[in-house]
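Text of my_file05.tsv (TSV, C-alpha atoms) as supplied:
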chain	number	residue	atom	x	y	z
A	185	LYS	CA	181.04	-163.40	-231.48
A	186	VAL	CA	180.41	-160.51	-233.87
A	187	SER	CA	177.12	-158.60	-233.94
A	188	GLN	CA	177.71	-155.51	-236.11
A	189	LEU	CA	178.74	-156.77	-239.54
A	190	HIS	CA	177.08	-156.34	-242.92
A	191	GLY	CA	177.36	-158.11	-246.25
A	192	THR	CA	177.89	-161.78	-247.07
A	193	LEU	CA	180.13	-164.63	-246.00
A	194	PRO	CA	183.16	-164.90	-248.31
A	195	SER	CA	184.08	-168.18	-249.96
A	196	THR	CA	187.61	-167.69	-248.61
A	197	LEU	CA	186.33	-168.99	-245.27
A	198	GLY	CA	186.93	-172.40	-246.78
A	199	GLY	CA	190.65	-171.79	-246.54
A	200	LEU	CA	190.62	-171.64	-242.74
A	201	GLU	CA	191.37	-175.31	-242.35
A	202	SER	CA	191.97	-175.19	-238.59
A	203	ILE	CA	189.01	-173.02	-237.60
A	204	ARG	CA	186.84	-174.61	-234.92
A	205	GLU	CA	184.11	-172.02	-234.43
A	206	ILE	CA	182.24	-169.54	-236.61
A	207	LEU	CA	180.08	-167.38	-234.36
A	208	LEU	CA	178.28	-164.78	-236.45
A	209	SER	CA	174.79	-164.65	-234.99
A	210	ARG	CA	172.66	-161.51	-235.39
A	211	ALA	CA	175.40	-159.94	-237.48
A	212	HIS	CA	173.19	-158.36	-240.19
A	213	LEU	CA	174.60	-160.76	-242.78
A	214	GLY	CA	172.77	-161.99	-245.86
A	215	GLY	CA	173.24	-163.71	-249.19
A	216	THR	CA	173.89	-167.41	-249.58
A	217	LEU	CA	176.05	-169.68	-247.48
A	218	PRO	CA	179.29	-170.49	-249.35
A	219	SER	CA	179.68	-174.14	-250.28
A	220	GLU	CA	183.23	-173.96	-248.93
A	221	LEU	CA	181.82	-174.16	-245.39
A	222	GLY	CA	181.40	-177.86	-246.00
A	223	ASN	CA	185.16	-178.30	-246.41
A	224	LEU	CA	186.07	-177.16	-242.90
A	225	ARG	CA	187.08	-180.48	-241.36
A	226	SER	CA	187.97	-178.94	-237.97
A	227	LEU	CA	184.79	-176.89	-237.61
A	228	GLU	CA	182.84	-177.84	-234.48
A	229	ASN	CA	180.41	-174.98	-233.96
A	230	LEU	CA	178.56	-173.05	-236.69
A	231	GLU	CA	176.36	-170.27	-235.28
A	232	LEU	CA	174.70	-168.12	-237.95
A	233	TYR	CA	171.26	-167.58	-236.45
A	234	GLY	CA	169.32	-164.34	-236.62
A	235	ASN	CA	170.63	-163.15	-239.99
A	236	ASP	CA	169.09	-162.88	-243.46
A	237	PHE	CA	170.74	-165.79	-245.22
A	238	ILE	CA	168.90	-167.22	-248.22
A	239	GLY	CA	169.42	-170.22	-250.45
A	240	THR	CA	170.29	-173.74	-249.40
A	241	ILE	CA	172.47	-175.11	-246.64
A	242	PRO	CA	175.63	-176.45	-248.31
A	243	ASP	CA	176.72	-180.07	-248.22
A	244	MET	CA	178.38	-180.42	-244.82
A	245	SER	CA	179.36	-184.08	-245.06
A	246	ASN	CA	183.10	-183.25	-245.11
A	247	ALA	CA	182.81	-181.13	-241.96
A	248	SER	CA	183.25	-184.31	-239.96
A	249	ALA	CA	184.03	-182.59	-236.63
A	250	LEU	CA	180.81	-180.54	-236.59
A	251	LYS	CA	178.98	-180.79	-233.28
A	252	ARG	CA	176.54	-177.89	-233.49
A	253	ILE	CA	174.77	-176.03	-236.28
A	254	ASP	CA	172.60	-173.06	-235.29
A	255	CYS	CA	171.14	-171.49	-238.43
A	256	PHE	CA	167.66	-170.70	-237.14
A	257	ASN	CA	165.80	-167.43	-237.81
A	258	ASN	CA	167.03	-166.98	-241.36
A	259	LYS	CA	165.38	-167.39	-244.77
A	260	LEU	CA	167.06	-170.61	-245.85
A	261	THR	CA	165.31	-172.72	-248.47
A	262	GLY	CA	165.74	-176.07	-250.16
A	263	GLN	CA	165.67	-179.57	-248.77
A	264	PHE	CA	166.57	-180.40	-245.21
A	265	PRO	CA	170.37	-180.95	-245.42
A	266	SER	CA	170.62	-184.73	-245.54
A	267	SER	CA	174.41	-184.43	-245.33
A	268	LEU	CA	174.03	-183.65	-241.62
A	269	ALA	CA	172.89	-187.23	-241.06
A	270	SER	CA	176.37	-188.46	-242.00
A	271	ILE	CA	178.21	-186.41	-239.35
A	272	SER	CA	178.51	-188.78	-236.41
A	273	GLN	CA	179.76	-186.08	-234.01
A	274	ILE	CA	176.80	-183.76	-234.38
A	275	GLN	CA	174.84	-183.03	-231.22
A	276	ILE	CA	172.66	-179.99	-231.93
A	277	VAL	CA	170.72	-179.18	-235.12
A	278	HIS	CA	168.77	-175.95	-234.72
A	279	LEU	CA	167.11	-174.86	-237.97
A	280	LYS	CA	163.74	-173.48	-236.88
A	281	ASN	CA	162.08	-170.46	-238.52
A	282	ASN	CA	163.40	-170.96	-242.04
A	283	ARG	CA	161.76	-172.10	-245.28
A	284	LEU	CA	163.15	-175.61	-245.57
A	285	THR	CA	161.21	-178.15	-247.63
A	286	GLY	CA	161.30	-181.88	-248.25
A	287	THR	CA	161.29	-184.63	-245.67
A	288	LEU	CA	163.41	-185.45	-242.65
A	289	PRO	CA	165.93	-188.11	-243.76
A	290	GLU	CA	165.38	-191.57	-242.34
A	291	ASN	CA	169.07	-191.94	-241.50
A	292	LEU	CA	168.90	-189.23	-238.84
A	293	GLY	CA	168.76	-192.22	-236.53
A	294	ASN	CA	172.42	-192.85	-237.36
A	295	LEU	CA	173.48	-189.88	-235.20
A	296	PRO	CA	174.40	-191.46	-231.85
A	297	LEU	CA	175.14	-188.14	-230.09
A	298	LEU	CA	172.20	-186.05	-231.32
A	299	SER	CA	170.57	-184.38	-228.31
A	300	TRP	CA	168.65	-181.42	-229.81
A	301	LEU	CA	166.69	-181.29	-233.06
A	302	ASP	CA	164.59	-178.20	-233.73
A	303	VAL	CA	163.12	-177.85	-237.23
A	304	SER	CA	159.90	-176.11	-236.22
A	305	ASN	CA	158.27	-173.48	-238.43
A	306	ASN	CA	159.52	-174.61	-241.82
A	307	ASN	CA	157.75	-176.23	-244.78
A	308	LEU	CA	158.82	-179.82	-244.16
A	309	VAL	CA	156.49	-182.60	-245.30
A	310	GLY	CA	156.16	-186.33	-244.84
A	311	THR	CA	156.31	-188.37	-241.67
A	312	ILE	CA	158.55	-188.47	-238.61
A	313	PRO	CA	161.40	-190.95	-239.22
A	314	PRO	CA	160.99	-193.90	-236.82
A	315	SER	CA	164.78	-194.04	-236.50
A	316	LEU	CA	164.69	-190.89	-234.37
A	317	GLY	CA	163.28	-193.00	-231.58
A	318	THR	CA	166.43	-195.11	-231.48
A	319	ILE	CA	168.70	-192.20	-230.49
A	320	THR	CA	169.28	-192.66	-226.77
A	321	SER	CA	170.99	-189.27	-226.44
A	322	LEU	CA	167.99	-187.32	-227.79
A	323	ARG	CA	166.65	-184.86	-225.22
A	324	ASP	CA	164.76	-182.20	-227.17
A	325	ILE	CA	162.83	-182.48	-230.44
A	326	ARG	CA	160.60	-179.79	-231.93
A	327	MET	CA	158.82	-180.16	-235.27
A	328	GLY	CA	155.60	-178.13	-235.05
A	329	GLY	CA	154.62	-175.61	-237.69
A	330	ASN	CA	155.42	-177.87	-240.64
A	331	LYS	CA	153.35	-180.09	-242.94
A	332	ILE	CA	154.07	-183.33	-241.13
A	333	HIS	CA	151.48	-186.12	-241.00
A	334	GLY	CA	151.22	-189.76	-240.06
A	335	PRO	CA	151.89	-191.56	-236.79
A	336	VAL	CA	154.40	-190.45	-234.18
A	337	PRO	CA	156.93	-193.26	-233.60
A	338	GLU	CA	156.04	-195.01	-230.35
A	339	SER	CA	159.74	-195.18	-229.49
A	340	LEU	CA	159.72	-191.38	-229.25
A	341	CYS	CA	156.51	-191.22	-227.26
A	342	SER	CA	157.84	-193.67	-224.68
A	343	ASN	CA	161.25	-192.01	-224.32
A	344	THR	CA	160.96	-190.42	-220.88
A	345	ARG	CA	164.04	-188.29	-221.43
A	346	VAL	CA	162.66	-186.39	-224.42
A	347	ASN	CA	161.40	-182.82	-223.97
A	348	ALA	CA	162.19	-182.60	-220.26
A	349	GLY	CA	160.46	-185.89	-219.54
A	350	ARG	CA	157.03	-184.54	-220.47
A	351	THR	CA	156.29	-187.79	-222.29
A	352	ARG	CA	155.58	-189.29	-218.86
A	353	GLN	CA	152.59	-186.97	-218.53
A	354	PHE	CA	151.52	-186.28	-222.11
A	355	GLY	CA	152.83	-189.25	-224.12
A	356	CYS	CA	153.04	-188.52	-227.86
A	357	ASP	CA	151.53	-185.07	-227.33
A	358	ALA	CA	154.81	-184.03	-225.69
A	359	VAL	CA	156.53	-184.68	-229.02
A	360	ILE	CA	153.98	-183.07	-231.34
A	361	CYS	CA	150.24	-182.34	-231.16
A	362	PRO	CA	148.08	-184.84	-233.07
A	363	LEU	CA	145.53	-184.03	-235.75
A	364	GLY	CA	142.42	-182.36	-234.44
A	365	THR	CA	144.31	-180.61	-231.64
A	366	PHE	CA	146.44	-177.50	-231.32
A	367	SER	CA	148.92	-175.78	-229.03
A	368	GLY	CA	150.64	-172.43	-229.13
A	369	ILE	CA	153.99	-174.16	-229.57
A	370	GLY	CA	152.90	-177.28	-231.45
A	371	TYR	CA	153.38	-179.75	-228.60
A	372	ALA	CA	152.26	-180.24	-225.00
A	373	THR	CA	154.22	-178.66	-222.19
A	374	ASP	CA	153.72	-178.49	-218.45
A	375	SER	CA	153.22	-174.73	-218.35
A	376	ASP	CA	149.71	-173.38	-217.76
A	377	GLY	CA	147.47	-174.08	-220.74
A	378	GLY	CA	150.23	-175.85	-222.60
A	379	GLU	CA	148.40	-179.07	-223.41
A	380	CYS	CA	147.23	-180.00	-226.92
A	381	LYS	CA	143.64	-178.75	-226.94
A	382	GLU	CA	140.82	-180.29	-228.97
A	383	CYS	CA	139.54	-178.22	-231.88
A	384	LEU	CA	136.06	-176.78	-231.68
A	385	GLU	CA	133.24	-178.65	-233.40
A	386	GLY	CA	133.43	-178.18	-237.16
A	387	GLU	CA	137.12	-177.31	-237.09
A	388	THR	CA	140.24	-179.43	-237.37
A	389	THR	CA	143.93	-179.20	-238.21
A	390	GLN	CA	145.68	-180.12	-241.41
A	391	TYR	CA	148.97	-181.37	-240.00
A	392	LEU	CA	150.62	-182.53	-236.81
A	393	GLY	CA	151.93	-179.83	-234.50
A	394	SER	CA	149.40	-177.17	-235.50
A	395	ARG	CA	149.07	-173.93	-233.60
A	396	LEU	CA	145.44	-173.26	-234.53
A	397	CYS	CA	142.35	-174.98	-235.86
A	398	ARG	CA	140.13	-173.96	-238.74
A	399	THR	CA	137.35	-175.13	-241.04
A	400	PHE	CA	138.57	-177.06	-244.09
A	401	THR	CA	137.09	-177.28	-247.56
A	402	GLN	CA	137.14	-180.30	-249.83
A	403	ARG	CA	139.99	-178.60	-251.68
A	404	ASP	CA	141.99	-178.55	-248.46
A	405	PHE	CA	141.37	-182.25	-247.88
A	406	LEU	CA	142.42	-183.07	-251.44
A	407	SER	CA	145.64	-181.13	-250.86
A	408	MET	CA	146.21	-183.18	-247.72
A	409	PHE	CA	145.63	-186.33	-249.77
A	410	PHE	CA	148.18	-185.11	-252.32
A	411	ASP	CA	150.81	-184.58	-249.62
A	412	ALA	CA	150.08	-187.88	-247.87
A	413	MET	CA	150.46	-189.73	-251.17
A	414	SER	CA	153.76	-187.98	-252.06
A	415	GLY	CA	152.02	-186.30	-254.96
A	416	GLU	CA	155.11	-184.41	-256.07
A	417	GLU	CA	156.52	-187.79	-257.13
A	418	TRP	CA	153.55	-188.63	-259.36
A	419	SER	CA	153.91	-188.50	-263.12
A	420	ASP	CA	153.06	-185.24	-264.86
A	421	ASP	CA	149.77	-186.72	-266.07
A	422	GLN	CA	148.78	-187.94	-262.60
A	423	LYS	CA	149.40	-184.60	-260.89
A	424	LYS	CA	148.12	-182.40	-263.72
A	425	GLY	CA	146.25	-179.43	-262.30
A	426	TRP	CA	146.74	-180.36	-258.65
A	427	LYS	CA	146.95	-177.32	-256.35
A	428	ASP	CA	146.69	-174.98	-259.35
A	429	GLU	CA	145.08	-171.85	-257.91
A	430	ASN	CA	143.49	-171.06	-261.26
A	431	LEU	CA	141.65	-174.38	-261.51
A	432	SER	CA	138.75	-175.86	-259.61
A	433	GLU	CA	139.65	-179.04	-257.72
A	434	CYS	CA	137.12	-180.78	-259.97
A	435	GLU	CA	139.56	-180.16	-262.84
A	436	TRP	CA	142.47	-181.87	-261.11
A	437	ALA	CA	143.60	-185.13	-262.71
A	438	GLY	CA	141.86	-188.16	-261.22
A	439	VAL	CA	139.20	-186.11	-259.41
A	440	SER	CA	135.53	-186.36	-260.37
A	441	CYS	CA	132.68	-184.21	-259.05
A	442	ASP	CA	128.91	-184.29	-259.15
A	443	GLU	CA	126.70	-181.58	-260.65
A	444	GLU	CA	126.97	-179.51	-257.47
A	445	GLY	CA	130.75	-179.52	-257.56
A	446	LYS	CA	131.16	-181.98	-254.71
A	447	VAL	CA	133.93	-184.55	-255.08
A	448	ASP	CA	132.42	-187.98	-255.65
A	449	GLY	CA	135.42	-189.98	-256.83
A	450	LEU	CA	139.20	-190.32	-256.92
A	451	GLU	CA	141.04	-192.47	-259.44
A	452	PHE	CA	144.74	-193.08	-258.91
A	453	PRO	CA	146.40	-196.14	-260.45
A	454	ILE	CA	149.60	-195.56	-258.45
A	455	SER	CA	151.44	-198.78	-257.67
A	456	GLY	CA	152.43	-199.30	-254.07
A	457	SER	CA	150.59	-196.26	-252.73
A	458	SER	CA	148.08	-196.32	-249.91
A	459	TRP	CA	146.07	-193.70	-248.06
A	460	ASP	CA	144.01	-194.03	-244.96
A	461	PRO	CA	141.22	-191.42	-245.05
A	462	ASN	CA	140.66	-191.97	-241.33
A	463	THR	CA	143.97	-190.15	-240.78
A	464	TYR	CA	142.06	-186.97	-241.58

In structure tokens, write the structure found in this file.
Amino acid sequence: KVSQLHGTLPSTLGGLESIREILLSRAHLGGTLPSELGNLRSLENLELYGNDFIGTIPDMSNASALKRIDCFNNKLTGQFPSSLASISQIQIVHLKNNRLTGTLPENLGNLPLLSWLDVSNNNLVGTIPPSLGTITSLRDIRMGGNKIHGPVPESLCSNTRVNAGRTRQFGCDAVICPLGTFSGIGYATDSDGGECKECLEGETTQYLGSRLCRTFTQRDFLSMFFDAMSGEEWSDDQKKGWKDENLSECEWAGVSCDEEGKVDGLEFPISGSSWDPNTY
């Protein structure tokens, strides 16, 4: 393991066909991850945490022997790497403290050996894939500090092996704190003061796994609506103005307000979409 390097990872790493481990944590490296990493069919352990890598995680679907990827504490962006869900040998996915976006792929449930999934403190959206609850090997899952909403799969909440068995005591809270509650780590633990605490009156949380509560405006709630309805997938006309910092929310497409600027109507002819306001 090297800790005193500088510079970037060379694309020539892709020529090391027999390499099994790349251990370059806290090595003062930066730049983007070369796409050639995904061609290393013998690679089992990729540890690149604690550096300054930017850009996206390359397609790793050809790295079929990969068991562990530790790329946390970097500045990686782009979608969660869906290619990881096709690597049947993978056991540990540790990507916390990056800037990943998009949703967690539903086919993560196809990973029979996955034991650790930590994607906390990113910018992930959407819901928790129900398929995660079917992984019998799963022991630790951490997702707080994202923009995740919706129900927590009951199959996760009832898995008494997840998160050191804390589901026995805390149920779903041991997986991720629900709306209207908060915890310093985004889920309930058995340490002192580690439960998911109720927000004070007049405050709430915007997403699951929040670390603090605050007062929300109608603009905030509209933004939550946008995320819950997969607004980025709307047509340009339907999402015109939404989340534009230079526009009032009353100027967003489909939003109507009264004379005092209070939202009094939403109009969205979006086929197949549904939204339960009670979620918020």

Closest to A:Val309 among A:Leu227, A:His333, A:Leu295, A:Ser321, using all atoms listed in the file?
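Once distances to A:Val309 are computed over all atoms listed in the file, the minimum belongs to A:His333.
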
Between atom CA of A:Leu301 and atom CA of A:Thr192, what is the distance in Å, rounded to a tenth?
26.5 Å

If I take atom CA of A:Thr320 and atom CA of A:Leu260, how far is one from the other in Å, to one decimal?
29.2 Å

Nearest candidate to A:Asn281 (options A:Gly393, A:Gly234, A:Gly370, A:Gly415; using all atoms listed in the file):
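Result for the nearest residue to A:Asn281: A:Gly234.
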
Hey, could you make a per-residue contact list for stretch 234-343 of chain A against stretch 204-208 of chain A with 9 Å as the cut-off, showing the nearest pair of atoms and its distance in Å to one decimal, counting all atoms listed in the file, sorted by chain and number, as CSV?
residue,atom,partner,partner_atom,distance
A:Gly234,CA,A:Leu208,CA,9.0
A:Asn235,CA,A:Leu208,CA,8.6
A:Ala249,CA,A:Arg204,CA,8.6
A:Leu250,CA,A:Arg204,CA,8.6

Output C-alpha atoms of each residue in that selection to a file, as a CSV table (one decimal), keeping the file's coordinate frame.
chain,number,residue,atom,x,y,z
A,234,GLY,CA,169.3,-164.3,-236.6
A,235,ASN,CA,170.6,-163.2,-240.0
A,249,ALA,CA,184.0,-182.6,-236.6
A,250,LEU,CA,180.8,-180.5,-236.6

So the first atom is atom CA of A:Gly191 and the second is atom CA of A:Ala211; what is the distance between them in Å, to one decimal place?
9.2 Å

Show which residues sit within 8 Å of A:Asp324, as number ranges by chain. Count only C-alpha atoms, and ignore same-chain residues fewer than 6 positions away.
A: 299-302, 346-348

Residues near A:Lys331, cut-off 7 Å, all atoms listed in the file, skip fewer than 3 positions along chain, as number ranges by chain
A: 307-309, 391

Env of A:Arg395: 9 Å cut, atoms = all atoms listed in the file, seq-sep filter 5 positions within chain, self excluded. Answer as JSON, numbers by chain.
{"A": [328, 329, 361, 365, 366, 367, 368, 369, 370, 371, 389]}

So that I can check the surroundings of A:Arg350, please list as a PyMOL selection string every protein, DNA and RNA residue that reaches within 10 Å of it, counting only C-alpha atoms and ignoring chain neighbours fewer than 4 positions away.
chain A and resi 341+343-346+354-359+372-374

Counting only C-alpha atoms, which residue out of A:Asn223, A:Asn229, A:Ser394, A:Asn294 sits closest to A:Thr196?
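Residue with the minimum atom-to-atom distance to A:Thr196: A:Asn223.
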